[in-house]
Amino acid sequence: MRRKIVAGNWKMNTTVAEGVQLAKELVEGLAEVPADVNLIIAPPFTHLAPVAEIISGSAIALSAQNCADEPKGAFTGEVSAAMLAGIGCTYTILGHSERRQYYGETSEKLVKKIRLALENGLSPIFCVGEKLEERNAGRHFEVVGAQVADVLFQLSELEASKVVIAYEPVWAIGTGVTATSAQAEEIHAFIRGIIAGQFGEEFAERVSILYGGSCKPSNAKELFACPDIDGGLIGGAALKAADFLAIAKSY
Ligand code: 13P
């Protein structure tokens with residue numbers, strides 16, 4: 001059985017006070033969420049410590065949105081995996097398309113980040129996904145396949161077993177255009193297939209692959225019903241407790 005996960009990526013949104021309030025509302029609404037759905041929230045760095053206090057003792061897990069590719073030292077402005085683990089994070093998102101696009105995140109850097117995350121007990125939520133022009137050119141399998149191979153397949157089987165994958169087509173992020181459940185399932189099945197080719201069928205059956213990109217209460221149920229979709233990485237709809245909880249409840 002694969003873990004069902006609904007994760008909220010808050011991106012660079014909310015003040016600390018707003019984030020704490022949102023976390024409180026999520027804790028209050030948690031009883032409505034099925035017990036087998038793992039809820040994760042990824043607030044900005046500044047919010048992690050106060051949010052950790054609010055969700056402490058609840059079933060909500062804490063994630064960062066990134067971590068440094070070096071363990072410590074003279075890297076002004078960076079936040080290390082050890083620092084994140086020290087304040088209660090158990091996950092970190094890595095390789096989000098916004099980091100790849102705006103901050104030059106490369107596969108080489110991502111391998112280093114994933115290893116540091118794992119060494120510090122954090123489970124990486126590793127993101128992949130093609131751009132609109134790549135999909136229009138029919139290159140989405142090739143692009144996503146290379147993203148998975150360049151990072152996940154550089155890891156040992158033990159390391160890779162702790163990674164959650166998030167497929168987020170760039171053209172669906174923040175656009176209101178969701179991949180159809182058929183489009184999403186097709187590429188999720190492809191990702192699972194190449195993972196099976198690398199690490200074996202049994203291994204691939206245990207990997208959770210999340211869908212992200214304009215996932216909302218109205219489309220989550222259909223997406224989550226697909227055999228190879230194991231939950232969602234939610235952006236905009238994670239900023240409203242009612243919407244995020246509704247997505248989790250629809251699972
Ligand atoms: P939206 O849900 O706002 O499209 O964002 C998805 C995303 O990028 C989550 O990481």
# chains A, B, ... in the order shown; residues from 1 in each chain; ligands from 1
>>> select_by_dssp(residues="segment 101-148 of chain A", states="strand (DSSP E or B)", output="list in words")
Ser123, Pro124, Ile125, Phe126, Cys127 and Val128 of chain A
>>> residues_around(residues="segment 224-233 of chain A", least_positions_apart="6", cutoff="10 Å", atoms="only C-alpha atoms", output="ChimeraX atom specification")
/A:2-9,37-42,93,125,127,164-168,181-182,184-192,205,207-216,247-248,250-251
>>> atom_distance(atom1="atom CA of Gly145 of chain A", atom2="atom CA of Ala220 of chain A")
24.6 Å
>>> select_by_dssp(residues="segment 20-180 of chain A", states="alpha helix (DSSP H)", output="number ranges by chain")
A: 20-29, 48-55, 81-86, 97-102, 107-119, 132-136, 140-151, 157-160
>>> closest_residue(among="A:Ile173, A:Ile54, A:Val20, A:Cys89", to="ligand 1", atoms="only C-alpha atoms and all ligand atoms")
A:Ile173
>>> residues_around(residues="Glu53 of chain A", least_positions_apart="3", cutoff="12 Å", atoms="only C-alpha atoms", output="short mmCIF file (atom, residue, chain, number, x, y, z; two decimals) with N, CA, C and O atoms, in the first residue's frame")
data_model
loop_
_atom_site.label_atom_id
_atom_site.label_comp_id
_atom_site.auth_asym_id
_atom_site.auth_seq_id
_atom_site.Cartn_x
_atom_site.Cartn_y
_atom_site.Cartn_z
N VAL A 20 0.12 31.30 10.93
CA VAL A 20 -0.22 30.66 12.21
C VAL A 20 -1.74 30.45 12.28
O VAL A 20 -2.21 29.38 12.69
N ALA A 23 -2.70 27.57 10.03
CA ALA A 23 -2.32 26.29 10.65
C ALA A 23 -3.32 25.92 11.76
O ALA A 23 -3.70 24.75 11.89
N LYS A 24 -3.75 26.92 12.52
CA LYS A 24 -4.73 26.65 13.59
C LYS A 24 -6.03 26.11 12.99
O LYS A 24 -6.63 25.17 13.51
N VAL A 27 -5.63 22.49 11.97
CA VAL A 27 -5.65 21.57 13.12
C VAL A 27 -7.10 21.38 13.58
O VAL A 27 -7.54 20.25 13.85
N HIS A 47 8.03 31.00 8.87
CA HIS A 47 6.84 30.55 9.57
C HIS A 47 7.03 29.19 10.25
O HIS A 47 6.18 28.74 11.01
N LEU A 48 8.13 28.51 9.90
CA LEU A 48 8.22 27.09 10.27
C LEU A 48 8.18 26.88 11.79
O LEU A 48 7.44 26.03 12.28
N ALA A 49 8.97 27.66 12.54
CA ALA A 49 9.03 27.44 13.99
C ALA A 49 7.67 27.71 14.66
O ALA A 49 7.17 26.84 15.39
N PRO A 50 7.04 28.87 14.42
CA PRO A 50 5.73 29.07 15.05
C PRO A 50 4.66 28.08 14.57
O PRO A 50 3.84 27.63 15.37
N SER A 56 2.07 20.83 16.51
CA SER A 56 2.71 19.81 17.34
C SER A 56 1.64 18.94 18.01
O SER A 56 0.65 19.44 18.54
N GLY A 57 1.82 17.64 17.95
CA GLY A 57 0.84 16.71 18.55
C GLY A 57 -0.32 16.40 17.61
O GLY A 57 -1.12 15.51 17.90
N SER A 58 -0.43 17.10 16.49
CA SER A 58 -1.49 16.79 15.51
C SER A 58 -0.92 15.86 14.45
O SER A 58 0.27 15.57 14.45
N ILE A 60 -0.63 16.59 11.38
CA ILE A 60 -0.10 17.36 10.25
C ILE A 60 1.43 17.38 10.33
O ILE A 60 1.99 17.66 11.39
N ALA A 61 2.08 17.09 9.22
CA ALA A 61 3.54 17.10 9.18
C ALA A 61 4.03 18.41 8.56
O ALA A 61 3.33 19.03 7.76
N LEU A 62 5.24 18.79 8.95
CA LEU A 62 5.80 20.07 8.52
C LEU A 62 6.88 19.86 7.45
O LEU A 62 7.76 19.02 7.60
N ILE A 87 14.00 22.18 13.77
CA ILE A 87 12.77 22.85 14.23
C ILE A 87 11.52 22.04 13.91
O ILE A 87 10.42 22.56 13.95
N GLY A 88 11.71 20.78 13.58
CA GLY A 88 10.53 19.91 13.48
C GLY A 88 10.05 19.59 12.07
O GLY A 88 9.01 18.96 11.90
N CYS A 89 10.80 20.00 11.05
CA CYS A 89 10.40 19.59 9.69
C CYS A 89 10.69 18.10 9.51
O CYS A 89 11.72 17.61 9.99
#
>>> closest_residue(among="A:Leu110, A:Met12, A:Ala31, A:Leu155", to="ligand 1", atoms="only C-alpha atoms and all ligand atoms")
A:Met12
>>> closest_atom_pairs(of="segment 96-171 of chain A", to="segment 71-77 of chain A", cutoff="10 Å", atoms="only C-alpha atoms", output="tab-separated table")
residue	atom	partner	partner_atom	distance
A:Lys112	CA	A:Pro71	CA	9.6
A:Lys113	CA	A:Pro71	CA	9.1
A:Leu116	CA	A:Pro71	CA	6.8
A:Ala117	CA	A:Pro71	CA	9.5
A:Glu119	CA	A:Pro71	CA	9.9
A:Asn120	CA	A:Pro71	CA	9.8
>>> write_last_selection(atoms="N, CA and C atoms", output="CSV table (one decimal), in the first residue's frame")
chain,number,residue,atom,x,y,z
A,112,LYS,N,22.5,16.7,-4.5
A,112,LYS,CA,23.2,17.1,-3.3
A,112,LYS,C,22.2,17.5,-2.2
A,113,LYS,N,21.1,18.2,-2.6
A,113,LYS,CA,20.1,18.6,-1.6
A,113,LYS,C,19.3,17.4,-1.1
A,116,LEU,N,21.5,15.6,1.4
A,116,LEU,CA,21.6,16.3,2.7
A,116,LEU,C,20.2,16.2,3.5
A,117,ALA,N,19.1,16.3,2.8
A,117,ALA,CA,17.8,16.2,3.4
A,117,ALA,C,17.7,14.8,4.0
A,119,GLU,N,20.1,12.7,4.9
A,119,GLU,CA,21.1,12.6,6.1
A,119,GLU,C,20.5,13.2,7.3
A,120,ASN,N,19.6,14.2,7.2
A,120,ASN,CA,19.1,14.8,8.3
A,120,ASN,C,17.7,14.4,8.7
>>> closest_residue(among="A:Phe141, A:Tyr91, A:Phe244, A:Phe199", to="ligand 1", atoms="only C-alpha atoms and all ligand atoms")
A:Phe244
>>> residues_around(residues="Asn13 of chain A", least_positions_apart="2", cutoff="9 Å", atoms="only C-alpha atoms", output="MDAnalysis selection string")
chainID A and resid 10:11 15 19 43:44 239
>>> closest_residue(among="A:Glu157, A:Glu28, A:Asp36, A:Asp243", to="ligand 1", atoms="only C-alpha atoms and all ligand atoms")
A:Asp243
>>> residues_around(residues="His140 of chain A", least_positions_apart="4", cutoff="10 Å", atoms="only C-alpha atoms", output="PyMOL selection string")
chain A and resi 129-136+144-146+169+187
>>> closest_residue(among="A:Ala137, A:Val148, A:Val163, A:Asn66", to="Gly193 of chain A", atoms="only C-alpha atoms")
A:Val148
